[in-house]
Protein chains: 2
Amino acid sequence: MKPNARERLIEGTRQLLWERGYVGTSPTAILARSGVGQGSMYHHFDGKPDLVLAAEQRSAELMQQQIAEAFAVEGTALERITRYLGRERDVLRGCSVGRLTADPEVMADDTLRAPIRETFEVLHEHLRRTVAEGVAAGEFAGEPDIDETASAIAAVIQGGYALARAAQAVEPFDRAVRGVLSLLRASAPRSN
Amino acid sequence: MKPNARERLIEGTRQLLWERGYVGTSPTAILARSGVGQGSMYHHFDGKPDLVLAAEQRSAELMQQQIAEAFAVEGTALERITRYLGRERDVLRGCSVGRLTADPEVMADDTLRAPIRETFEVLHEHLRRTVAEGVAAGEFAGEPDIDETASAIAAVIQGGYALARAAQAVEPFDRAVRGVLSLLRASAPRSN
DNA sequence: GGCGGCATACATACTAGTATGTATGCTGTC
DNA sequence: GACAGCATACATACTAGTATGTATGCCGCC
């Protein structure tokens with residue numbers, strides 16, 4: 001029938017963390033969401049932090065996979081970046097990984113923080129490499145600083161979620177994405 | 001002696017919301033942080049949601065004030081945007097207003113969401129107007145879309161906080177800011 | 001056919017969160 | 001000097017969060 005209890009616990013916890021963060025995610029809520037009994041939870045995991053770590057690792061893994069897929073397409077650097085920025089997203093739901101940066105419990109613990117940090121590093125690396133290829137191919141005549149550009153693009157995504165949630169509308173996210181893409185495209189040979 | 005209990009409650013709640021969000025902010029923690037008695041809290045406010053609203057409104061007010069000040073300086077549009085982006089920030093602490101976009105309790109309640117939405121609207125309006133002036137003055141020869149550019153800049157700030165927190169370092173924030181500024185500058189008229 | 005691993009149910013317990021209500025005292029004003 | 005407004009302390013209460021421990025049952029494997 002359903003996937004085993006361990007998998008369901010991870011998925012339920014993942015969703016709750018995504019929606020409500022660390023303190024907002026209670027063991028009983030996890031059980032209800034996952035549809036498993038309380039005993040199973042303590043059977044498979046040492047407790048909330050252990051389960052949270054497993055859920056985080058799963059989110060990080062899925063996200064890194066999506067990132068890799070989005071960049072593993074043919075096309076110019078600009079096309080690949082555009083494709084990544086425009087990929088299917090449940091914008092108002094936000095980023096399952098980025099959400100956790102708001103939780104002090106997670107940020108204060110190096111083990112819990114690691115999957116988040118690593119995911120952003122992976123994204124940065126993909127963006128960095130793609131921008132570098134674009135510069136090498138003469139797509140960005142302005143030759144923007146590679147790391148700075150990669151960071152700006154990553155930040156626009158994360159910040160776009162915040163703007164969209166505040167407005168309860170997808171539009172601000174899309175606007176920010178179009179904005180950074182326009183700026184990239186407009187990158188002209190410059191004199192500085 | 002100290003400011004009155006009402007003020008101290010607002011400030012304590014403001015700080016706790018900033019650090020820990022809505023669910024992470026308990027009445028007892030508020031009392032401890034504010035240094036007032038429990039009775040006073042229920043004397044001045046109807047309860048947690050009422051106090052949270054007051055704290056949010058205060059944060060929004062302060063933030064809008066800082067935004068207005070940062071843009072109320074002489075200089076070209078690019079200088080004013082650079083100044084706003086480079087203004088003094090406790091980056092790892094994050095944004096006292098943007099933090100709340102992660103809380104479903106806040107986002108689901110129109111009254112609690114209003115101060116956040118309004119603050120982003122005010123920021124957008126300042127950025128929009130400044131970019132428009134820059135375009136009019138020929139500073140941005142690429143004539144980027146005004147609203148899109150404003151949204152991208154606002155998003156970079158909010159997203160920069162997330163990147164910085166994940167890395168527990170200010171550098172990713174600064175890099176993202178330099179990145180978007182470079183892209184903006186690169187759309188400047190060629191002087192060569 | 002028993003045993004180890006996994007799942008479920010149920011009882012218990014302690015703490016924190018979120019209050020309400022009452023008593024008491026301080027202070028400034030009419 | 002009485003009274004309103006504000007502050008503090010203390011008692012009480014209910015719920016949710018975070019477990020621990022025990023009993024029981026199913027299933028696949030040696």
# chains A, B, ... in the order shown; residues from 1 in each chain; ligands from 1
call {"tool": "interface_residues", "arguments": {"of": "chain B", "to": "chain C", "cutoff": "9 Å", "atoms": "only C-alpha atoms (C1' of nucleotides)", "output": "list in words"}}
result
Ser26, Pro27, Thr28, Gly47 and Lys48 of chain B
call {"tool": "write_last_selection", "arguments": {"atoms": "N, CA and C atoms", "output": "PDB file, in the first residue's frame"}}
result
ATOM      1  N   SER B  26       6.741  33.548  22.631  1.00  0.00           N
ATOM      2  CA  SER B  26       5.741  33.240  23.649  1.00  0.00           C
ATOM      3  C   SER B  26       5.538  34.423  24.590  1.00  0.00           C
ATOM      4  N   PRO B  27       4.352  34.548  25.146  1.00  0.00           N
ATOM      5  CA  PRO B  27       4.077  35.598  26.115  1.00  0.00           C
ATOM      6  C   PRO B  27       5.105  35.648  27.241  1.00  0.00           C
ATOM      7  N   THR B  28       5.470  34.524  27.788  1.00  0.00           N
ATOM      8  CA  THR B  28       6.426  34.575  28.901  1.00  0.00           C
ATOM      9  C   THR B  28       7.777  35.095  28.432  1.00  0.00           C
ATOM     10  N   GLY B  47      -4.002  40.520  24.136  1.00  0.00           N
ATOM     11  CA  GLY B  47      -3.381  39.198  24.103  1.00  0.00           C
ATOM     12  C   GLY B  47      -2.267  39.195  23.084  1.00  0.00           C
ATOM     13  N   LYS B  48      -1.750  38.054  22.824  1.00  0.00           N
ATOM     14  CA  LYS B  48      -0.618  37.943  21.913  1.00  0.00           C
ATOM     15  C   LYS B  48      -0.863  38.576  20.536  1.00  0.00           C
TER      16      LYS B  48
END
call {"tool": "closest_atom_pairs", "arguments": {"of": "chain A", "to": "chain B", "cutoff": "7 Å", "atoms": "only C-alpha atoms", "output": "tab-separated table"}}
result
residue	atom	partner	partner_atom	distance
A:Arg20	CA	B:Pro104	CA	6.6
A:Val23	CA	B:Gly24	CA	6.0
A:Gly24	CA	B:Val23	CA	6.0
A:Gly98	CA	B:Ala162	CA	6.6
A:Arg99	CA	B:Ala102	CA	6.8
A:Thr101	CA	B:Ala162	CA	5.9
A:Ala102	CA	B:Arg99	CA	6.7
A:Asp103	CA	B:Arg20	CA	6.6
A:Pro104	CA	B:Arg20	CA	6.5
A:Arg113	CA	B:Ala166	CA	6.8
A:Ile116	CA	B:Ala166	CA	6.2
A:Arg117	CA	B:Ala166	CA	4.9
A:Gly142	CA	B:Ala186	CA	6.4
A:Pro144	CA	B:Ser182	CA	6.9
A:Glu148	CA	B:Gly179	CA	4.2
A:Thr149	CA	B:Gly179	CA	4.7
A:Ser151	CA	B:Ala176	CA	4.5
A:Ala152	CA	B:Ala176	CA	3.9
A:Ala155	CA	B:Gly159	CA	4.0
A:Val156	CA	B:Val156	CA	4.7
A:Ile157	CA	B:Gly159	CA	6.8
A:Gln158	CA	B:Gly159	CA	4.4
A:Gly159	CA	B:Gly159	CA	3.7
A:Gly160	CA	B:Ala155	CA	5.1
A:Ala162	CA	B:Thr101	CA	5.9
A:Leu163	CA	B:Ala155	CA	6.9
A:Arg165	CA	B:Thr101	CA	6.1
A:Ala166	CA	B:Arg117	CA	4.9
A:Ala167	CA	B:Arg117	CA	5.7
A:Pro172	CA	B:Ser151	CA	6.6
A:Arg175	CA	B:Glu148	CA	4.8
A:Ala176	CA	B:Ala152	CA	3.9
A:Val177	CA	B:Ala152	CA	6.6
A:Arg178	CA	B:Glu148	CA	6.2
A:Gly179	CA	B:Glu148	CA	4.3
A:Val180	CA	B:Ala152	CA	5.7
A:Ser182	CA	B:Pro144	CA	6.8
A:Leu183	CA	B:Leu183	CA	5.7
A:Leu184	CA	B:Leu183	CA	6.4
A:Ala186	CA	B:Ser187	CA	5.8
A:Ser187	CA	B:Ala186	CA	5.2
A:Ala188	CA	B:Ala186	CA	5.8
A:Arg190	CA	B:Arg190	CA	5.7
A:Ser191	CA	B:Asn192	CA	6.1
call {"tool": "interface_residues", "arguments": {"of": "chain D", "to": "chain A", "cutoff": "10 Å", "atoms": "only C-alpha atoms (C1' of nucleotides)", "output": "PDB file with N, CA and C atoms (P, O5', C5', C4', C3', O3' and C1' of nucleotides), in the first residue's frame"}}
result
ATOM      1  P    DA D  16      -5.234  21.358  22.446  1.00  0.00           P
ATOM      2  O5'  DA D  16      -3.662  21.612  22.423  1.00  0.00           O
ATOM      3  C5'  DA D  16      -3.169  22.939  22.260  1.00  0.00           C
ATOM      4  C4'  DA D  16      -1.671  22.891  22.204  1.00  0.00           C
ATOM      5  C3'  DA D  16      -1.109  21.803  21.296  1.00  0.00           C
ATOM      6  O3'  DA D  16      -0.012  22.394  20.605  1.00  0.00           O
ATOM      7  C1'  DA D  16      -0.301  21.511  23.517  1.00  0.00           C
ATOM      8  P    DG D  17       0.933  21.565  19.612  1.00  0.00           P
ATOM      9  O5'  DG D  17       2.208  21.285  20.518  1.00  0.00           O
ATOM     10  C5'  DG D  17       2.894  22.402  21.081  1.00  0.00           C
ATOM     11  C4'  DG D  17       4.142  21.909  21.787  1.00  0.00           C
ATOM     12  C3'  DG D  17       4.978  20.907  20.993  1.00  0.00           C
ATOM     13  O3'  DG D  17       6.338  21.268  21.216  1.00  0.00           O
ATOM     14  C1'  DG D  17       4.377  19.976  23.071  1.00  0.00           C
ATOM     15  P    DT D  18       7.518  20.423  20.492  1.00  0.00           P
ATOM     16  O5'  DT D  18       7.816  19.303  21.570  1.00  0.00           O
ATOM     17  C5'  DT D  18       8.603  19.629  22.703  1.00  0.00           C
ATOM     18  C4'  DT D  18       8.912  18.361  23.464  1.00  0.00           C
ATOM     19  C3'  DT D  18       9.447  17.221  22.575  1.00  0.00           C
ATOM     20  O3'  DT D  18      10.602  16.664  23.175  1.00  0.00           O
ATOM     21  C1'  DT D  18       7.698  16.467  23.930  1.00  0.00           C
ATOM     22  P    DA D  19      11.525  15.688  22.326  1.00  0.00           P
ATOM     23  O5'  DA D  19      10.635  14.391  22.087  1.00  0.00           O
ATOM     24  C5'  DA D  19      10.968  13.176  22.708  1.00  0.00           C
ATOM     25  C4'  DA D  19      10.447  13.108  24.140  1.00  0.00           C
ATOM     26  C3'  DA D  19      10.596  11.727  24.726  1.00  0.00           C
ATOM     27  O3'  DA D  19      11.836  11.644  25.388  1.00  0.00           O
ATOM     28  C1'  DA D  19       8.496  12.771  25.316  1.00  0.00           C
ATOM     29  P    DT D  20      12.605  10.232  25.276  1.00  0.00           P
ATOM     30  O5'  DT D  20      11.827   9.365  26.361  1.00  0.00           O
ATOM     31  C5'  DT D  20      11.630   9.880  27.667  1.00  0.00           C
ATOM     32  C4'  DT D  20      10.939   8.807  28.494  1.00  0.00           C
ATOM     33  C3'  DT D  20      11.416   7.383  28.175  1.00  0.00           C
ATOM     34  O3'  DT D  20      11.670   6.715  29.408  1.00  0.00           O
ATOM     35  C1'  DT D  20       9.070   7.534  27.932  1.00  0.00           C
TER      36       DT D  20
END
call {"tool": "select_by_dssp", "arguments": {"residues": "range 104-180 of chain A", "states": "alpha helix (DSSP H)", "output": "PyMOL selection string"}}
result
chain A and resi 104-107+110-136+146-167+171-180
call {"tool": "atom_distance", "arguments": {"atom1": "CA of His43 in chain A", "atom2": "CA of Glu56 in chain A"}}
result
19.1 Å
call {"tool": "atom_distance", "arguments": {"atom1": "CA of Val52 in chain B", "atom2": "CA of Gln64 in chain B"}}
result
18.1 Å
call {"tool": "atom_distance", "arguments": {"atom1": "CA of Ser59 in chain A", "atom2": "CA of Cys95 in chain A"}}
result
9.7 Å
call {"tool": "closest_residue", "arguments": {"among": "B:Leu123, B:Ile30, B:Asn4, B:Glu139", "to": "DA7 in chain D", "atoms": "only C-alpha atoms (C1' of nucleotides)"}}
result
B:Asn4
